[in-house]
Structures are given as structure tokens and as C-alpha cells.
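Heads up: the structure comes next, in C-alpha cells.
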Number of protein chains: 2
Amino acid sequence: MSTIPGRFLTIEGIEGVGKSTQVARLSEGLNERGIAHVLTREPGGTPLAERIREIVLSLDNARGESMPPTAELLLMFAARAVHLTNFVEPSLRAGRWVVCDRFIDATYAYQGGGRRLNAEHIRQLDAMVVGARRPDLTVLLDAPVEQALERARQRNAGAAADRFESERAEFFERVRDAYRARAAAEPTRIAVVDASQSVDRVASQILELLVARSWIS
Amino acid sequence: MSTIPGRFLTIEGIEGVGKSTQVARLSEGLNERGIAHVLTREPGGTPLAERIREIVLSLDNARGESMPPTAELLLMFAARAVHLTNFVEPSLRAGRWVVCDRFIDATYAYQGGGRRLNAEHIRQLDAMVVGARRPDLTVLLDAPVEQALERARQRNAGAAADRFESERAEFFERVRDAYRARAAAEPTRIAVVDASQSVDRVASQILELLVARSWIS
């Protein structure tokens, strides 16, 4: 068990900005420094939360029955409550760092910005489920929507899109705007990294953010 | 399509008070009067909501992973949002009565009373999901806990209990108390019927409640 307290890092951004690649690179960087950590994602991250994820993301989860936006929002927070209680909190208490692919900011961006759900409802659920457990650092990978979606299309070629991937560019513009507004409002916690740069450049900028906080050297 | 506007009736009570039997009897009574209606239940009532129900009720939905109480609460409201939007509202708009086995009062009773979850959280979710769509009439079938649980045990003999049925008598005492407190606070909407009476007597008292409101004759 590390003597460094567990830190909670989240990686955010729209489809195609390279979150998975950068999570893997960050994990390499932490491994090189001997920092015990776990990689996880939302929605999901535990068997129970992954079951909820499957319902949220599936395009035809119930023979064509539509998913009301409020239900989507509640399922996202239900999965988050499971993930925080059963995985994130115990990992942090055990001194492990937690690197999470998407977290609370994604809800404000996708359900708030993208689906235009009531922001006050999201804030109430945030207080109910996340409370004081804010990430220590959130990296927002930001790139123009067209560029990111083109990358996502190439990656997904031949694979079926999920309920979010099947949205249009306009939806992702709103998601990106909401992400950037979050970052502007919380500049200490949320660092924006230009994801249109090379993978190496993005990876080193993310590590530099940890160095700047004296969390790694 | 009926010229009478659709009415929304909910039947509440702990396990073993005879809700299913009384829903069936009420349905017979409405049929005899030519009133178009649908029977449904919560959590569930649509294919998508039933998928959420399965996650909420299953005792081993994820190889022993526990269900945090807040996640249970959010899943209940997610299922409710689906059920209201995709089934209850369209049925009422089409002029059909909706008879629902458990609804919002069950959340205050089970998650609020039984699990002692924050009442303000439940009220926020209630406002978010149910809003102004209150039942026109709620029948609370009330009986002593020991009597009800004995009936439930006989009915379920040999069947596996779900996450709620496996709770102890003390839990159901709190659920019953919370149900009765709801009825005391909203006596116009919630009618308490003594479920320790005979099935026939309970069934006729429920029909009398509708006659008293001039909804049937």
C-alpha cells in the first residue's frame, strides 16, 4: 500500500478525442513511477454498474422502446453511486490512485449540454451521489468536433454505434461547449489539454499537470 | 375510447396484504361497468422498466456485489420515469384508467421508511420524475406486519425471496409506519383499507371508494 494518499483523476472529452489512449499512457507513466493505481470508467466500473451501463447505452434495449432523458440521467447516477461506493472509494481508501474514463463532468456535458436536461436536477443528483468526492484533477481532452468524430468513425468502422455515438455533430458541439464551460468555471480542478496535438505531446502534457502539482516527479 | 377521462389509481401496502388479489378484483369491477383500463406495476410496467426492475430486485445481480441504498433509490425512479413516460401517460391520455400495483408512496415507505434514506432526496426525485402526475386515488391496504408476512410466506413457499422479501419484520414495521404517515398527511388522495378483513369485504370497500367519488355507480 502506497504512503501517498490515493488520488482521483478523471479524463473527460467527447468521442474520438483519444481518452482511452491517454488513459493507457497515463497508466504507463504512473507504473514507471511505482504508483499503485486502478483504471476504470463510467458509466460502469463494477459488474453491477456495467449492467446499468448496458441498459443506458444499448440502442435497442427493449425492442424499440425509447429511453426518456430523465431516465437516462437517473441511470447514469445510479451507476455512479454503485461505482463510487463499491470501487472508487475503497480504492482511494486503500491508497491507490483511481484513473477514471469519464465522471461527473460528463453528465453535465452530455445530459445537460447535449440533451439539454434541467441543470438544477443534475446539481441535485450531483449533491446526492457525488457530494464532496470531487476528482483531484480532471483532464479535459478538447478537440474540434468534426476532427474528433472522424477519429471515432475510423475507430468504430464496422462496429455498431451506441445511443450516444449515434448522435449528430450538433449534439457533440453542445457537449463540447458544456465541457469547456465547466472547465472555465473550475480552472483549478479541470485542465484543458489540446487533443488535436500528437498522442505523445498530449501524454506528456498530462504528466506535466501531475508534476506541477508535486504529485509525481 | 371512453368519454370518462382516464383515472390513475394506485394500490399500496407491504408484502402479503393482498395487493395482487385486490388489483384483480378491482379490474373485474371495472370490467363489469365497461370501464377501459390497464393493470400495471412498479417497479416495471414496460419491457425497459422491467429490465431495471430485475436489477433492483435481484438478490445476486452481480456475483455478490452489494446495492448501495442511493443506487436502489435512483433505479426505482429511473424505472418510474420510463413507466410514466412510455405507459402511464399515454394510457391516461387515451382515456384508459390505469391501475398500478405500487407507485410513488412505495418509495417513501420502502426507501424512506424501510431503508431510512434522506426524505429530502426522495422529495427532489419525486418532483423531478412524478411532478404533478399524482394518482387520483391511492388505496393503502393495511394489516399488521406479522399477519401480512405470514400470508406472503405461504404464498412464496418454495420460491426464492427477492431483495425486499428477504428483509426482516422490523424493516416492514418501518415501511408500514411510513405508509400510514403518508395516508395521514394526504387523507383525500390516500384511503386506508383494513386488509385483515375478508377478500370480498376489502374488494367491496375499494369499489365503494370509487362510488363515493362518483367515478362509478
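Letters for chains follow the order of the C-alpha cells (A, B, ...), residue numbers begin at 1 for each chain, and ligand numbers begin at 1 in the order shown.
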Select, as a PDB file with C-alpha atoms, in the first residue's frame, those residues of chain B with any atom no more than 10 Å from chain A (distances computed using only C-alpha atoms).
ATOM      1  CA  THR B  46     -42.746  -1.754 -19.645  1.00  0.00           C
ATOM      2  CA  PRO B  47     -40.016  -4.008 -21.108  1.00  0.00           C
ATOM      3  CA  LEU B  48     -37.337  -1.395 -20.403  1.00  0.00           C
ATOM      4  CA  ALA B  49     -38.602  -0.662 -16.885  1.00  0.00           C
ATOM      5  CA  GLU B  50     -38.800  -4.405 -16.193  1.00  0.00           C
ATOM      6  CA  ARG B  51     -35.106  -4.690 -17.089  1.00  0.00           C
ATOM      7  CA  ILE B  52     -34.386  -2.069 -14.445  1.00  0.00           C
ATOM      8  CA  ILE B  55     -31.506  -5.258 -11.441  1.00  0.00           C
ATOM      9  CA  ASP B  60     -27.408 -11.677  -6.619  1.00  0.00           C
ATOM     10  CA  ASN B  61     -27.419  -9.419  -9.620  1.00  0.00           C
ATOM     11  CA  ALA B  62     -23.673  -9.113  -9.748  1.00  0.00           C
ATOM     12  CA  ARG B  63     -21.990 -12.033  -8.047  1.00  0.00           C
ATOM     13  CA  GLY B  64     -22.492 -10.792  -4.526  1.00  0.00           C
ATOM     14  CA  GLU B  65     -21.827  -7.103  -5.200  1.00  0.00           C
ATOM     15  CA  SER B  66     -23.993  -5.069  -2.852  1.00  0.00           C
ATOM     16  CA  MET B  67     -26.534  -2.461  -3.962  1.00  0.00           C
ATOM     17  CA  PRO B  68     -25.911   0.930  -2.313  1.00  0.00           C
ATOM     18  CA  PRO B  69     -29.236   2.325  -0.998  1.00  0.00           C
ATOM     19  CA  THR B  70     -28.879   5.509  -3.062  1.00  0.00           C
ATOM     20  CA  ALA B  71     -28.422   3.430  -6.213  1.00  0.00           C
ATOM     21  CA  GLU B  72     -31.571   1.476  -5.362  1.00  0.00           C
ATOM     22  CA  LEU B  73     -33.466   4.752  -4.967  1.00  0.00           C
ATOM     23  CA  LEU B  74     -32.226   6.101  -8.303  1.00  0.00           C
ATOM     24  CA  LEU B  75     -33.029   2.859 -10.133  1.00  0.00           C
ATOM     25  CA  MET B  76     -36.564   2.944  -8.710  1.00  0.00           C
ATOM     26  CA  PHE B  77     -37.032   6.470 -10.059  1.00  0.00           C
ATOM     27  CA  ALA B  78     -35.398   5.596 -13.393  1.00  0.00           C
ATOM     28  CA  ALA B  79     -37.877   2.736 -13.812  1.00  0.00           C
ATOM     29  CA  ARG B  80     -40.683   5.119 -12.797  1.00  0.00           C
ATOM     30  CA  ALA B  81     -39.642   7.723 -15.370  1.00  0.00           C
ATOM     31  CA  VAL B  82     -39.745   5.052 -18.078  1.00  0.00           C
ATOM     32  CA  HIS B  83     -43.093   3.691 -16.895  1.00  0.00           C
ATOM     33  CA  LEU B  84     -44.751   7.114 -16.624  1.00  0.00           C
ATOM     34  CA  THR B  85     -43.498   8.375 -19.986  1.00  0.00           C
ATOM     35  CA  ASN B  86     -43.891   5.204 -22.026  1.00  0.00           C
ATOM     36  CA  ASN B 118     -32.886  11.059   3.186  1.00  0.00           C
ATOM     37  CA  GLU B 120     -35.381  15.427   1.005  1.00  0.00           C
ATOM     38  CA  HIS B 121     -33.634  13.360  -1.667  1.00  0.00           C
ATOM     39  CA  GLN B 124     -36.368  16.045  -5.064  1.00  0.00           C
ATOM     40  CA  LEU B 125     -36.626  12.905  -7.180  1.00  0.00           C
ATOM     41  CA  ALA B 127     -40.540  16.473  -8.150  1.00  0.00           C
ATOM     42  CA  MET B 128     -38.143  15.546 -10.969  1.00  0.00           C
ATOM     43  CA  VAL B 129     -39.912  12.388 -12.132  1.00  0.00           C
TER      44      VAL B 129
END
Taking the DSSP secondary structure from the backbone, can you list the residues of range 87-203 of chain B that are alpha helix (DSSP H), as a ChimeraX atom specification? /B:89-93,104-107,119-129,145-155,169-185,199-203
List the spatial neighbours of Gln147 in chain A as an MDAnalysis selection string - criterion: any atom at most 8 Å away, only C-alpha atoms, same-chain residues fewer than 4 positions off excluded. chainID A and resid 16 143 151 196
Write out as a PyMOL selection string the residues lying within 7 Å of Ile11 in chain A, counting only C-alpha atoms and excluding same-chain residues fewer than 5 positions away. chain A and resi 19+100-102+138-140
Residue contacts of Ala148 in chain A (12 Å, only C-alpha atoms) excluding same-chain residues fewer than 2 positions away, as number ranges by chain: A: 13-19, 141-146, 150-155, 165, 169, 172-173, 176, 194-197
Dump N, CA and C atoms for the selected residues as an mmCIF file, in the first residue's frame?
data_model
loop_
_atom_site.group_PDB
_atom_site.id
_atom_site.type_symbol
_atom_site.label_atom_id
_atom_site.label_comp_id
_atom_site.auth_asym_id
_atom_site.auth_seq_id
_atom_site.Cartn_x
_atom_site.Cartn_y
_atom_site.Cartn_z
ATOM 1 N N GLY A 13 -14.029 14.166 -22.175
ATOM 2 C CA GLY A 13 -13.997 14.633 -23.565
ATOM 3 C C GLY A 13 -15.008 13.865 -24.397
ATOM 4 N N ILE A 14 -15.301 14.407 -25.577
ATOM 5 C CA ILE A 14 -16.279 13.759 -26.452
ATOM 6 C C ILE A 14 -15.657 12.530 -27.129
ATOM 7 N N GLU A 15 -16.471 11.759 -27.843
ATOM 8 C CA GLU A 15 -15.976 10.574 -28.557
ATOM 9 C C GLU A 15 -14.858 11.005 -29.511
ATOM 10 N N GLY A 16 -13.804 10.194 -29.574
ATOM 11 C CA GLY A 16 -12.778 10.425 -30.593
ATOM 12 C C GLY A 16 -11.653 11.370 -30.204
ATOM 13 N N VAL A 17 -11.645 11.887 -28.965
ATOM 14 C CA VAL A 17 -10.545 12.791 -28.583
ATOM 15 C C VAL A 17 -9.342 12.016 -28.058
ATOM 16 N N GLY A 18 -9.480 10.678 -27.925
ATOM 17 C CA GLY A 18 -8.325 9.879 -27.534
ATOM 18 C C GLY A 18 -8.245 9.570 -26.044
ATOM 19 N N LYS A 19 -9.408 9.517 -25.375
ATOM 20 C CA LYS A 19 -9.403 9.253 -23.933
ATOM 21 C C LYS A 19 -8.759 7.898 -23.596
ATOM 22 N N LEU A 141 -9.876 16.540 -22.488
ATOM 23 C CA LEU A 141 -9.252 16.440 -23.810
ATOM 24 C C LEU A 141 -10.180 17.137 -24.794
ATOM 25 N N ASP A 142 -9.691 18.216 -25.372
ATOM 26 C CA ASP A 142 -10.553 19.056 -26.202
ATOM 27 C C ASP A 142 -10.042 19.099 -27.636
ATOM 28 N N ALA A 143 -10.972 18.883 -28.564
ATOM 29 C CA ALA A 143 -10.618 18.972 -29.988
ATOM 30 C C ALA A 143 -11.868 19.372 -30.750
ATOM 31 N N PRO A 144 -11.693 19.943 -31.959
ATOM 32 C CA PRO A 144 -12.873 20.287 -32.751
ATOM 33 C C PRO A 144 -13.730 19.044 -32.997
ATOM 34 N N VAL A 145 -15.042 19.232 -32.964
ATOM 35 C CA VAL A 145 -15.970 18.106 -33.054
ATOM 36 C C VAL A 145 -15.762 17.305 -34.329
ATOM 37 N N GLU A 146 -15.621 17.971 -35.462
ATOM 38 C CA GLU A 146 -15.501 17.229 -36.724
ATOM 39 C C GLU A 146 -14.278 16.318 -36.724
ATOM 40 N N GLU A 150 -14.444 12.227 -36.717
ATOM 41 C CA GLU A 150 -13.795 11.491 -37.804
ATOM 42 C C GLU A 150 -12.900 10.390 -37.225
ATOM 43 N N ARG A 151 -12.202 10.726 -36.129
ATOM 44 C CA ARG A 151 -11.359 9.725 -35.486
ATOM 45 C C ARG A 151 -12.221 8.587 -34.908
ATOM 46 N N ALA A 152 -13.356 8.958 -34.307
ATOM 47 C CA ALA A 152 -14.248 7.948 -33.737
ATOM 48 C C ALA A 152 -14.815 7.047 -34.832
ATOM 49 N N ARG A 153 -15.125 7.648 -35.979
ATOM 50 C CA ARG A 153 -15.669 6.859 -37.097
ATOM 51 C C ARG A 153 -14.648 5.848 -37.583
ATOM 52 N N GLN A 154 -13.403 6.270 -37.708
ATOM 53 C CA GLN A 154 -12.359 5.353 -38.172
ATOM 54 C C GLN A 154 -12.175 4.207 -37.178
ATOM 55 N N ARG A 155 -12.185 4.558 -35.887
ATOM 56 C CA ARG A 155 -12.000 3.540 -34.852
ATOM 57 C C ARG A 155 -13.154 2.540 -34.851
ATOM 58 N N GLU A 165 -23.045 7.457 -29.516
ATOM 59 C CA GLU A 165 -22.248 7.555 -30.745
ATOM 60 C C GLU A 165 -23.134 7.829 -31.959
ATOM 61 N N ALA A 169 -23.508 15.693 -35.105
ATOM 62 C CA ALA A 169 -22.425 16.637 -34.775
ATOM 63 C C ALA A 169 -22.928 17.774 -33.885
ATOM 64 N N PHE A 172 -22.833 16.933 -30.320
ATOM 65 C CA PHE A 172 -21.489 16.943 -29.746
ATOM 66 C C PHE A 172 -20.922 18.355 -29.613
ATOM 67 N N GLU A 173 -21.378 19.272 -30.458
ATOM 68 C CA GLU A 173 -20.980 20.679 -30.274
ATOM 69 C C GLU A 173 -21.500 21.184 -28.937
ATOM 70 N N ARG A 176 -19.406 19.574 -26.182
ATOM 71 C CA ARG A 176 -18.091 20.217 -26.079
ATOM 72 C C ARG A 176 -18.209 21.585 -25.397
ATOM 73 N N ASP A 194 -5.161 20.310 -25.318
ATOM 74 C CA ASP A 194 -5.498 20.329 -26.746
ATOM 75 C C ASP A 194 -5.266 18.942 -27.334
ATOM 76 N N ALA A 195 -6.356 18.224 -27.591
ATOM 77 C CA ALA A 195 -6.258 16.831 -28.038
ATOM 78 C C ALA A 195 -6.007 16.721 -29.529
ATOM 79 N N SER A 196 -5.878 17.851 -30.223
ATOM 80 C CA SER A 196 -5.558 17.756 -31.659
ATOM 81 C C SER A 196 -4.042 17.658 -31.862
ATOM 82 N N GLN A 197 -3.295 17.722 -30.755
ATOM 83 C CA GLN A 197 -1.846 17.524 -30.841
ATOM 84 C C GLN A 197 -1.529 16.029 -30.967
#
Neighbours of Asp136 in chain A within 10 Å (only C-alpha atoms; same-chain residues fewer than 4 positions away dropped), as a PyMOL selection string? chain A and resi 6-10+188-190
Leaving out Arg33 in chain B and any residue of its chain fewer than 6 positions from it, which residues lie within 12 Å of it when counting only C-alpha atoms, given as a list in words?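 Contacts, in chain order: Ser2, Leu26, Ser27, Leu207, Leu210, Val211, Trp215, Ile216 and Ser217 of chain B.
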May I have the residues from that selection written out with C-alpha atoms, as a compact mmCIF listing (two decimals), in the first residue's frame?
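Heads up, here's the output in part-v4.txt:
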# COMPACT_ATOMS: atom_id res chain seq x y z
CA SER B 2 -64.08 6.21 -23.04
CA LEU B 26 -60.87 -4.10 -8.95
CA SER B 27 -60.27 -4.99 -12.59
CA LEU B 207 -65.31 -0.14 -5.12
CA LEU B 210 -64.89 4.92 -6.38
CA VAL B 211 -68.66 5.21 -5.94
CA TRP B 215 -66.42 7.75 -10.71
CA ILE B 216 -68.55 4.60 -10.97
CA SER B 217 -72.02 3.71 -9.89
Residue with smallest distance to Gln205 in chain B - pool B:Tyr179, B:Leu39, B:Phe164, B:Val192, counting only C-alpha atoms: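 Using only C-alpha atoms, the shortest distance to Gln205 in chain B belongs to B:Val192.
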Please measure the separation of CA of His37 in chain B and CA of Ala178 in chain B, giving the value in Å to one decimal. 29.0 Å
